[in-house]
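Input: a single structure, listed below in structure tokens.
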Amino acid sequence: MANYSFAKSWQNIPVGARLIRLFLGVTFIYGGWNKATDPGFLDPKSASYIGAQITSYLDTSPISFLLQPMIENATAFGWSIIITEFAIGIATLTGIALELAALGGFFLSITLWLTATWTVKPYFLGSDTAYAILWLALFLLVRQNTKGRRVIALLPDLRDRREVIRILGVGAASVAAVFVGRRFESSNPTPETGTAIVKEADFPTGSVKEFIAADGTPAILFRTKAGVFAYSRVCTHQGCSVGHDAKTGLLICPCHNAQFDPTQDGSVVIGPTKIALPKIKVAIKGINIVQI
């Protein structure tokens, strides 16, 4: 890599590989950004907390024995996931340690398949297997140029000072991106938190309303003859937002069809998850229904 060139790192691979590389690089940077700006991903009190996600995989994942130790250090693991996704994405787009980045993306996708989407049936409805194949294809494609010669070394040459500086630059950019994302998240206004969600008079028995909880989690409010109650809308399977189905009265996840019964403490009716939706405390205070 002593003769590293950003332009050549794109020119020396087939057009198909360029398309895959662009898609994967942008997608992984977006994945890191999405987690960095999520107010609940690193918050133990949130339904979308990384620790809660890991816990939800224990009963179904074939590598649950590896996940168990992560729960105690879930926040640190969450930070490492965000930084890794940024690093893989940045390295992929810049061409710095590209083959190593492709292998990193492959193994990360395999890990997500064995955890987050292991229970998705049939397998082609889960995205992680497709990402794993794309990363593997990219790795194989960048191994050679049109003359069959290797373009990019698998392992960086740490004897080359410029190469070390480039790698450190990717790491620094990844860490900086995380903190920028966290800054962006903290500057977002959070509506309807800790005060009135809706006026009681405007929310009669049988009503349903989506709102934003105090920690930024999307939530949904119900009122029945038994009173008012609310749940997080973050599916306990893979973090998609559930929606209320007026015909069945259930909360249904659009990603993998997990279904929850709001009249039974948010319990699971249909998997793949076995964990109920987290409750959000609400009450009628004066003329309003508020989160407490």
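In the structure tokens, the first chain shown is A, the next is B, and so on; residue numbers restart at 1 for each chain, and ligands run from 1 in the order shown.
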Extract, using only C-alpha atoms, all DNA, RNA and protein residues at most 12 Å from Lys225 in chain A, discarding same-chain residues fewer than 2 positions from it, and format them as a CSV table (one decimal) with N, CA and C atoms, in the first residue's frame.
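As written to disk, result32.csv reads:
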chain,number,residue,atom,x,y,z
A,204,PRO,N,-61.0,9.6,24.2
A,204,PRO,CA,-62.0,8.8,24.9
A,204,PRO,C,-61.7,7.3,24.9
A,205,THR,N,-62.4,6.5,25.6
A,205,THR,CA,-62.2,5.1,25.7
A,205,THR,C,-62.3,4.5,24.2
A,206,GLY,N,-61.3,3.6,24.0
A,206,GLY,CA,-61.2,3.0,22.7
A,206,GLY,C,-60.2,3.7,21.8
A,207,SER,N,-59.6,4.8,22.2
A,207,SER,CA,-58.6,5.5,21.4
A,207,SER,C,-57.2,5.0,21.5
A,222,PHE,N,-52.9,3.7,24.8
A,222,PHE,CA,-54.2,3.1,24.7
A,222,PHE,C,-55.1,3.6,25.8
A,223,ARG,N,-56.4,3.7,25.5
A,223,ARG,CA,-57.4,3.9,26.6
A,223,ARG,C,-58.5,2.9,26.4
A,227,GLY,N,-58.6,1.7,31.9
A,227,GLY,CA,-57.8,2.9,32.1
A,227,GLY,C,-56.9,3.2,30.9
A,228,VAL,N,-55.8,3.9,31.2
A,228,VAL,CA,-54.8,4.2,30.1
A,228,VAL,C,-53.5,3.4,30.4
A,229,PHE,N,-52.9,3.0,29.3
A,229,PHE,CA,-51.6,2.3,29.3
A,229,PHE,C,-50.9,2.5,28.0
A,263,THR,N,-53.6,-5.7,25.3
A,263,THR,CA,-54.5,-5.9,26.4
A,263,THR,C,-54.0,-6.9,27.4
Worksheet item: Running DSSP on the backbone, which parts of range 26-190 of chain A land in helix (DSSP H, G or I), as a PyMOL selection string?
Response: chain A and resi 26-36+50-57+64-71+74-94+98-115+123-125+128-141+161-186
Filtering to C-alpha atoms, could you give me those residues as a short mmCIF file (atom, residue, chain, number, x, y, z; two decimals), in the first residue's frame?
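Final output, out14.cif:
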data_model
loop_
_atom_site.label_atom_id
_atom_site.label_comp_id
_atom_site.auth_asym_id
_atom_site.auth_seq_id
_atom_site.Cartn_x
_atom_site.Cartn_y
_atom_site.Cartn_z
CA VAL A 26 -22.42 3.93 2.32
CA THR A 27 -24.75 1.45 4.03
CA PHE A 28 -22.34 0.64 6.86
CA ILE A 29 -21.61 4.31 7.48
CA TYR A 30 -25.35 4.90 7.61
CA GLY A 31 -25.68 1.93 9.99
CA GLY A 32 -23.13 3.48 12.34
CA TRP A 33 -24.79 6.88 12.08
CA ASN A 34 -28.21 5.39 12.76
CA LYS A 35 -26.96 3.80 15.99
CA ALA A 36 -24.94 6.85 17.04
CA ILE A 50 -28.10 -2.85 22.84
CA GLY A 51 -28.17 -4.93 26.03
CA ALA A 52 -31.89 -5.55 25.63
CA GLN A 53 -31.34 -6.59 22.03
CA ILE A 54 -28.60 -9.04 23.00
CA THR A 55 -30.80 -10.47 25.75
CA SER A 56 -33.61 -11.07 23.26
CA TYR A 57 -31.31 -13.28 21.17
CA SER A 64 -25.93 -17.62 22.76
CA PHE A 65 -22.94 -18.88 24.79
CA LEU A 66 -20.91 -16.04 23.26
CA LEU A 67 -23.62 -13.45 23.84
CA GLN A 68 -24.09 -14.08 27.55
CA PRO A 69 -20.76 -12.48 28.60
CA MET A 70 -21.54 -9.43 26.44
CA ILE A 71 -24.63 -8.48 28.43
CA ALA A 74 -23.32 -4.19 26.70
CA THR A 75 -22.69 -0.44 26.62
CA ALA A 76 -18.99 -0.90 25.80
CA PHE A 77 -19.95 -3.49 23.20
CA GLY A 78 -22.45 -1.02 21.72
CA TRP A 79 -19.74 1.62 21.37
CA SER A 80 -17.46 -0.88 19.64
CA ILE A 81 -20.21 -1.87 17.19
CA ILE A 82 -20.83 1.75 16.19
CA ILE A 83 -17.12 2.49 15.73
CA THR A 84 -16.61 -0.76 13.79
CA GLU A 85 -19.46 -0.02 11.37
CA PHE A 86 -18.08 3.48 10.74
CA ALA A 87 -14.55 2.12 10.28
CA ILE A 88 -15.61 -0.59 7.85
CA GLY A 89 -17.69 1.87 5.84
CA ILE A 90 -14.97 4.54 5.69
CA ALA A 91 -12.24 2.03 4.84
CA THR A 92 -14.41 0.52 2.12
CA LEU A 93 -15.05 3.86 0.43
CA THR A 94 -11.49 5.16 0.74
CA LEU A 98 -10.08 -2.59 1.70
CA GLU A 99 -9.75 -6.38 1.74
CA LEU A 100 -9.50 -6.38 5.52
CA ALA A 101 -12.58 -4.14 5.70
CA ALA A 102 -14.46 -6.52 3.42
CA LEU A 103 -13.61 -9.45 5.68
CA GLY A 104 -14.69 -7.40 8.69
CA GLY A 105 -18.01 -6.65 7.02
CA PHE A 106 -18.42 -10.34 6.16
CA PHE A 107 -17.85 -11.56 9.72
CA LEU A 108 -20.04 -8.82 11.19
CA SER A 109 -22.87 -9.77 8.82
CA ILE A 110 -22.46 -13.46 9.70
CA THR A 111 -22.64 -12.56 13.39
CA LEU A 112 -25.83 -10.56 12.84
CA TRP A 113 -27.30 -13.49 10.91
CA LEU A 114 -26.55 -15.85 13.81
CA THR A 115 -28.25 -13.47 16.25
CA TYR A 123 -33.81 -17.29 5.24
CA PHE A 124 -34.04 -14.97 2.22
CA LEU A 125 -36.34 -12.61 4.14
CA ASP A 128 -27.79 -10.27 6.87
CA THR A 129 -27.15 -13.35 4.71
CA ALA A 130 -27.32 -11.15 1.60
CA TYR A 131 -24.87 -8.67 3.13
CA ALA A 132 -22.50 -11.51 4.01
CA ILE A 133 -22.50 -12.73 0.39
CA LEU A 134 -21.97 -9.19 -0.91
CA TRP A 135 -19.00 -8.65 1.40
CA LEU A 136 -17.49 -12.00 0.41
CA ALA A 137 -17.99 -11.20 -3.28
CA LEU A 138 -16.32 -7.81 -2.82
CA PHE A 139 -13.38 -9.44 -1.04
CA LEU A 140 -12.87 -11.91 -3.90
CA LEU A 141 -13.33 -9.28 -6.62
CA ARG A 161 4.66 4.96 8.12
CA ARG A 162 2.19 6.41 5.63
CA GLU A 163 0.08 3.27 5.79
CA VAL A 164 -0.04 3.43 9.58
CA ILE A 165 -1.07 7.09 9.39
CA ARG A 166 -3.87 6.23 6.95
CA ILE A 167 -5.18 3.46 9.20
CA LEU A 168 -5.04 5.74 12.23
CA GLY A 169 -6.91 8.30 10.15
CA VAL A 170 -9.72 5.82 9.51
CA GLY A 171 -9.87 5.06 13.23
CA ALA A 172 -9.90 8.74 14.19
CA ALA A 173 -12.58 9.52 11.61
CA SER A 174 -14.72 6.66 12.94
CA VAL A 175 -14.47 7.83 16.55
CA ALA A 176 -15.16 11.41 15.50
CA ALA A 177 -18.22 10.29 13.55
CA VAL A 178 -19.60 8.58 16.66
CA PHE A 179 -19.29 11.71 18.77
CA VAL A 180 -20.76 13.87 16.02
CA GLY A 181 -23.71 11.49 15.86
CA ARG A 182 -24.18 11.58 19.63
CA ARG A 183 -24.04 15.36 19.50
CA PHE A 184 -26.64 15.42 16.76
CA GLU A 185 -28.91 13.15 18.80
CA SER A 186 -28.65 15.30 21.95
#
Discussion item. Which residue is closest to Ala230 in chain A? Choose from A:Asp245, A:Glu72, A:Asp202, A:Asp265 and count only C-alpha atoms.
Written reply: A:Asp265
Discussion item. So the first atom is CA of Leu58 in chain A and the second is CA of Gly243 in chain A; what is the distance between them in Å, to one decimal place?
Written reply: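 Result for CA of Leu58 in chain A versus CA of Gly243 in chain A: 25.1 Å, one decimal.
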Practice prompt. Would you list the contacts of Lys121 in chain A as a PyMOL selection string, taking every protein, DNA or RNA residue within 12 Å and counting only C-alpha atoms, but skipping same-chain residues closer than 3 positions in sequence?
Written response: chain A and resi 113+117-118+124-127+255-257+271-272
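What separates CA of Gly25 in chain A from CA of Lys8 in chain A is a distance of 16.9 Å.
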Worksheet entry | Best match for closeness to Gly216 in chain A among A:Gly40, A:Ile292, A:Ile275, A:Ile252, counting only C-alpha atoms |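 Among the listed residues, A:Gly40 lies closest to Gly216 in chain A.
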